[in-house]
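S.K.: Have a look at this one.
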Amino acid sequence: MSQEWQLYRERGTVFWLHVISWIALNIGWHVARALLFPITLYFFVTGRATRRASKSFLGQVFGRPAAISECFRHHRTFASTILDRVYLLHGQEELFDIRTYGAGPVLECVAARRGCVLLGSHLGSFEILRVLGAGHDHFDLKVLMNEDQNRVITQFLNRFNRDVADTVISSRSLDAVFQIRDAIDSGALVALMGDRTHVGEKSVECTFFGKPARFPTTPASLALALGAPIFLVFGLYRGGNRYDVYFEPLGEGRTVGHGLRQREAERLTCVYASRLEHFAREMPYNWFNFYDFWKVG
């Protein structure tokens, strides 16, 4: 998978975030949604790199050149999930129709106080999972994040809900691995992304939409080293106020020795890639990796 995402500067501004959040919280959801059109249009027109990436990805999914209207819809879907984060971080879950599928085995781990790994992606809204975790006392959720990604948006929105911000384990922290181990040992759920590689990180080449792409093996390796079950999680935005959250088992939670761990991690990672492709085909406008995903480097 390309590491090109690390080269793009975040284009969101504090000014526009303040404007849309003030409107959302003081005037209402419908007005804020209406104003997303001109705001998204501005970033769409001025964002040559994201337009190009959107056109490339949607063309790969559709098997034909993507129309400008389809690329704009792609951008607007992303903007919609950012707006919804304002409400979710203010504890207004009642505004949304959030449906979960396949959560039973995860809840069994929670009931047994058995820590597990939730492997997500930049497909749809990961915020749904973070907010649900912070809003429930009966289970503990920690989220491993690279806080350099989308720094402006992340820091701005985290001010709305310190409980959510406090769930974060920084991937740049020197003791991040030990924090993850302690969380798993205490019976917590540890969520992390599996669709972006970092410089120097171990990865494996998997087939993704018929082309080779690199995915990090670190998430699977961590789970295998700790003997933690792994579940895939995808929070898909269906439009309007609806989100569907899907859970799927990936690894059973057995400890694998160092000698065999990388090979097993590579296998699990490519299974993850195939499921990511499945859901991305189903909901392509939920794909929020706005860069050349297949570029080697």
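Ordering of the structure tokens sets the chain letters (A, B, ...); residue numbers start at 1 within each chain; ligands are numbered from 1 in the order shown.
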Using backbone DSSP assignments, extract all alpha helix (DSSP H) residues from stretch 62-217 of chain A; output them as a ChimeraX atom specification.

M.R.: /A:62,68-89,104-111,127-134,151-158,162-165,176-185

S.K.: Mind checking which residues fall within 12 Å of A:Arg113, counting only C-alpha atoms, ignoring those fewer than 5 positions away in the same chain, and posting them as a compact mmCIF listing (two decimals) with all heavy atoms, in the first residue's frame?

M.R.:
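After the write, out_37.txt holds the following:
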# COMPACT_ATOMS: atom_id res chain seq x y z
N VAL A 106 -18.04 -10.32 20.03
CA VAL A 106 -17.30 -9.24 20.70
C VAL A 106 -17.86 -9.01 22.09
O VAL A 106 -17.11 -8.85 23.06
CB VAL A 106 -17.36 -7.94 19.87
CG1 VAL A 106 -16.63 -6.80 20.59
CG2 VAL A 106 -16.76 -8.15 18.48
N LEU A 107 -19.18 -9.00 22.21
CA LEU A 107 -19.81 -8.80 23.51
C LEU A 107 -19.52 -9.96 24.45
O LEU A 107 -19.44 -9.77 25.68
CB LEU A 107 -21.32 -8.61 23.34
CG LEU A 107 -21.73 -7.34 22.58
CD1 LEU A 107 -23.25 -7.29 22.41
CD2 LEU A 107 -21.23 -6.09 23.29
N GLU A 108 -19.34 -11.16 23.89
CA GLU A 108 -18.95 -12.30 24.72
C GLU A 108 -17.55 -12.10 25.31
O GLU A 108 -17.31 -12.44 26.47
CB GLU A 108 -18.99 -13.59 23.89
CG GLU A 108 -20.40 -14.04 23.53
CD GLU A 108 -20.40 -15.25 22.62
OE1 GLU A 108 -19.30 -15.79 22.35
OE2 GLU A 108 -21.49 -15.67 22.16
N HIS A 138 -19.82 -0.36 30.55
CA HIS A 138 -19.62 -1.79 30.76
C HIS A 138 -18.46 -2.35 29.93
O HIS A 138 -18.13 -3.52 30.07
CB HIS A 138 -20.90 -2.57 30.45
CG HIS A 138 -21.37 -2.46 29.03
ND1 HIS A 138 -22.09 -1.39 28.57
CD2 HIS A 138 -21.21 -3.30 27.98
CE1 HIS A 138 -22.37 -1.58 27.28
NE2 HIS A 138 -21.85 -2.71 26.91
N PHE A 139 -17.85 -1.57 29.07
CA PHE A 139 -16.63 -2.05 28.43
C PHE A 139 -15.68 -0.90 28.17
O PHE A 139 -16.06 0.26 28.05
CB PHE A 139 -16.92 -2.85 27.15
CG PHE A 139 -17.45 -2.05 25.99
CD1 PHE A 139 -16.60 -1.39 25.12
CD2 PHE A 139 -18.82 -2.00 25.75
CE1 PHE A 139 -17.09 -0.69 24.03
CE2 PHE A 139 -19.32 -1.30 24.66
CZ PHE A 139 -18.45 -0.65 23.80
N ASP A 140 -14.42 -1.27 28.11
CA ASP A 140 -13.35 -0.29 27.94
C ASP A 140 -12.82 -0.39 26.52
O ASP A 140 -12.48 -1.48 26.05
CB ASP A 140 -12.24 -0.58 28.96
CG ASP A 140 -11.14 0.48 28.95
OD1 ASP A 140 -11.39 1.59 28.44
OD2 ASP A 140 -10.04 0.19 29.44
N ALA A 183 -3.78 -2.95 28.12
CA ALA A 183 -5.20 -2.83 27.83
C ALA A 183 -5.81 -4.20 27.56
O ALA A 183 -6.89 -4.53 28.06
CB ALA A 183 -5.42 -1.88 26.65
N ILE A 184 -5.13 -4.99 26.75
CA ILE A 184 -5.61 -6.34 26.44
C ILE A 184 -5.67 -7.19 27.71
O ILE A 184 -6.66 -7.89 27.97
CB ILE A 184 -4.71 -7.03 25.39
CG1 ILE A 184 -4.82 -6.32 24.03
CG2 ILE A 184 -5.05 -8.51 25.26
CD1 ILE A 184 -6.16 -6.45 23.35
N ASP A 185 -4.64 -7.11 28.53
CA ASP A 185 -4.60 -7.89 29.77
C ASP A 185 -5.72 -7.51 30.73
O ASP A 185 -6.19 -8.33 31.52
CB ASP A 185 -3.24 -7.70 30.47
CG ASP A 185 -2.11 -8.42 29.76
OD1 ASP A 185 -2.40 -9.26 28.88
OD2 ASP A 185 -0.94 -8.12 30.05
N SER A 186 -6.17 -6.25 30.67
CA SER A 186 -7.24 -5.79 31.56
C SER A 186 -8.63 -6.08 31.00
O SER A 186 -9.63 -5.73 31.63
CB SER A 186 -7.09 -4.29 31.82
OG SER A 186 -7.35 -3.54 30.64
N GLY A 187 -8.69 -6.68 29.80
CA GLY A 187 -9.97 -7.02 29.20
C GLY A 187 -10.55 -5.96 28.30
O GLY A 187 -11.73 -6.02 27.94
N ALA A 188 -9.74 -4.99 27.88
CA ALA A 188 -10.23 -3.90 27.02
C ALA A 188 -10.28 -4.32 25.56
O ALA A 188 -9.63 -5.29 25.13
CB ALA A 188 -9.35 -2.67 27.18
N LEU A 189 -11.04 -3.58 24.78
CA LEU A 189 -11.03 -3.70 23.33
C LEU A 189 -10.03 -2.68 22.80
O LEU A 189 -10.11 -1.50 23.17
CB LEU A 189 -12.41 -3.43 22.74
CG LEU A 189 -13.61 -4.16 23.37
CD1 LEU A 189 -14.89 -3.76 22.65
CD2 LEU A 189 -13.41 -5.66 23.33
N ALA A 228 -4.64 -12.44 21.48
CA ALA A 228 -5.94 -11.76 21.54
C ALA A 228 -6.77 -12.07 20.30
O ALA A 228 -6.25 -12.08 19.19
CB ALA A 228 -5.73 -10.25 21.65

S.K.: Any idea what the distance is between atom CA of A:Ala111 and atom CA of A:Val190?

M.R.: 15.4 Å

S.K.: Of the candidates A:Thr269, A:Gln262, A:Ser54, A:Ser171, which one gets nearest to A:Asp195 if we count only C-alpha atoms?

M.R.: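 Closest residue, counting only C-alpha atoms: A:Thr269.
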
S.K.: Calculated over only C-alpha atoms, which of the candidates A:Met283, A:Leu236, A:Ala225, A:Val117 has the smallest distance to A:Arg261?

M.R.: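 Nearest candidate to A:Arg261 out of A:Met283, A:Leu236, A:Ala225, A:Val117: A:Ala225.
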
S.K.: Given the choices A:Ala176, A:Arg33, A:Gly259, A:Ile128, which gets closest to A:Glu93 if the distance is worked out from only C-alpha atoms?

M.R.: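 Answer, going by the shortest atom-to-atom distance: A:Ile128.
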
S.K.: As a list of chain:residue names, please: the residues near A:Val86 (cut-off 8 Å, only C-alpha atoms, same-chain neighbours under 2 positions excluded).

M.R.: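 With the cut-off at 8 Å, the set is A:Ser21, A:Ala24, A:Ile82, A:Leu83, A:Asp84, A:Leu88, A:Leu89, A:His90, A:Leu157, A:Phe160.
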
S.K.: Please provide as a ChimeraX atom specification all residues within 9 Å of A:Pro219, with the sequence filter that same-chain residues fewer than 2 positions apart are discarded (counting only C-alpha atoms).

M.R.: /A:117,119,192-194,216-217,221-224,265,269

S.K.: As JSON, numbers by chain, please: every residue in stretch 37-145 of chain A that DSSP puts in strand (DSSP E or B).

M.R.: {"A": [97, 98, 99, 100, 101, 116, 117, 118, 119, 120, 123, 124, 141, 142, 143, 144, 145]}

S.K.: Using atom CA of A:Glu277 and atom CA of A:Ser203 as the two end points, give the distance in Å to one decimal.

M.R.: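 Calculated distance between atom CA of A:Glu277 and atom CA of A:Ser203 is 17.5 Å.
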
S.K.: Would you mind listing what lies within 9 Å of stretch 35-38 of chain A as a ChimeraX atom specification, with only C-alpha atoms counted and same-chain residues fewer than 4 positions away left out?

M.R.: /A:20,30-31,42-43,76,79-80,83

S.K.: For those residues, write N, CA, C and O atoms to a file as a PDB file, in the first residue's frame.

M.R.:
ATOM      1  N   ILE A  20     -19.117  25.340  10.792  1.00  0.00           N
ATOM      2  CA  ILE A  20     -20.062  24.243  10.612  1.00  0.00           C
ATOM      3  C   ILE A  20     -20.484  23.650  11.956  1.00  0.00           C
ATOM      4  O   ILE A  20     -21.638  23.254  12.137  1.00  0.00           O
ATOM      5  N   HIS A  30     -30.461  19.906   9.844  1.00  0.00           N
ATOM      6  CA  HIS A  30     -30.897  20.104   8.461  1.00  0.00           C
ATOM      7  C   HIS A  30     -30.193  21.289   7.815  1.00  0.00           C
ATOM      8  O   HIS A  30     -29.777  21.217   6.648  1.00  0.00           O
ATOM      9  N   VAL A  31     -30.037  22.388   8.548  1.00  0.00           N
ATOM     10  CA  VAL A  31     -29.347  23.558   8.005  1.00  0.00           C
ATOM     11  C   VAL A  31     -27.875  23.236   7.773  1.00  0.00           C
ATOM     12  O   VAL A  31     -27.296  23.588   6.732  1.00  0.00           O
ATOM     13  N   TYR A  42     -16.340  23.949  -2.428  1.00  0.00           N
ATOM     14  CA  TYR A  42     -15.107  24.741  -2.364  1.00  0.00           C
ATOM     15  C   TYR A  42     -13.886  23.819  -2.289  1.00  0.00           C
ATOM     16  O   TYR A  42     -12.929  23.977  -3.064  1.00  0.00           O
ATOM     17  N   PHE A  43     -13.909  22.859  -1.369  1.00  0.00           N
ATOM     18  CA  PHE A  43     -12.768  21.963  -1.219  1.00  0.00           C
ATOM     19  C   PHE A  43     -12.624  21.035  -2.433  1.00  0.00           C
ATOM     20  O   PHE A  43     -11.509  20.661  -2.802  1.00  0.00           O
ATOM     21  N   ARG A  76     -18.556  14.609  -0.732  1.00  0.00           N
ATOM     22  CA  ARG A  76     -19.643  15.044   0.146  1.00  0.00           C
ATOM     23  C   ARG A  76     -19.959  13.980   1.200  1.00  0.00           C
ATOM     24  O   ARG A  76     -20.341  14.317   2.332  1.00  0.00           O
ATOM     25  N   ALA A  79     -17.543  14.595   3.902  1.00  0.00           N
ATOM     26  CA  ALA A  79     -17.928  15.787   4.668  1.00  0.00           C
ATOM     27  C   ALA A  79     -19.100  15.483   5.600  1.00  0.00           C
ATOM     28  O   ALA A  79     -19.157  15.992   6.727  1.00  0.00           O
ATOM     29  N   SER A  80     -20.010  14.645   5.160  1.00  0.00           N
ATOM     30  CA  SER A  80     -21.172  14.295   5.987  1.00  0.00           C
ATOM     31  C   SER A  80     -20.741  13.567   7.252  1.00  0.00           C
ATOM     32  O   SER A  80     -21.279  13.816   8.338  1.00  0.00           O
ATOM     33  N   LEU A  83     -19.273  16.086   9.716  1.00  0.00           N
ATOM     34  CA  LEU A  83     -20.341  16.811  10.396  1.00  0.00           C
ATOM     35  C   LEU A  83     -20.982  15.948  11.478  1.00  0.00           C
ATOM     36  O   LEU A  83     -21.225  16.409  12.606  1.00  0.00           O
TER      37      LEU A  83
END

S.K.: So, counting only C-alpha atoms, which residue among A:Phe126, A:Tyr243, A:Trp22, A:Tyr272 is closest to A:Arg214?

M.R.: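 Closest candidate: A:Tyr272.
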
S.K.: One decimal, in Å: what's the spacing between atom CA of A:Leu25 and atom CA of A:Asp244?

M.R.: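 Rounded to one decimal, the two atoms are 23.8 Å apart.
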
S.K.: Hey, which of A:Phe209, A:Tyr246, A:Phe96, A:Phe78 ends up closest to A:His122? Count only C-alpha atoms.

M.R.: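 Comparing A:Phe209, A:Tyr246, A:Phe96, A:Phe78 against A:His122, the winner is A:Phe78.
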
S.K.: For A:Phe234, which residue out of A:His278, A:Arg263, A:Lys211, A:Lys202 is the nearest one, using only C-alpha atoms?

M.R.: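 Under the stated criterion, the closest residue is A:His278.
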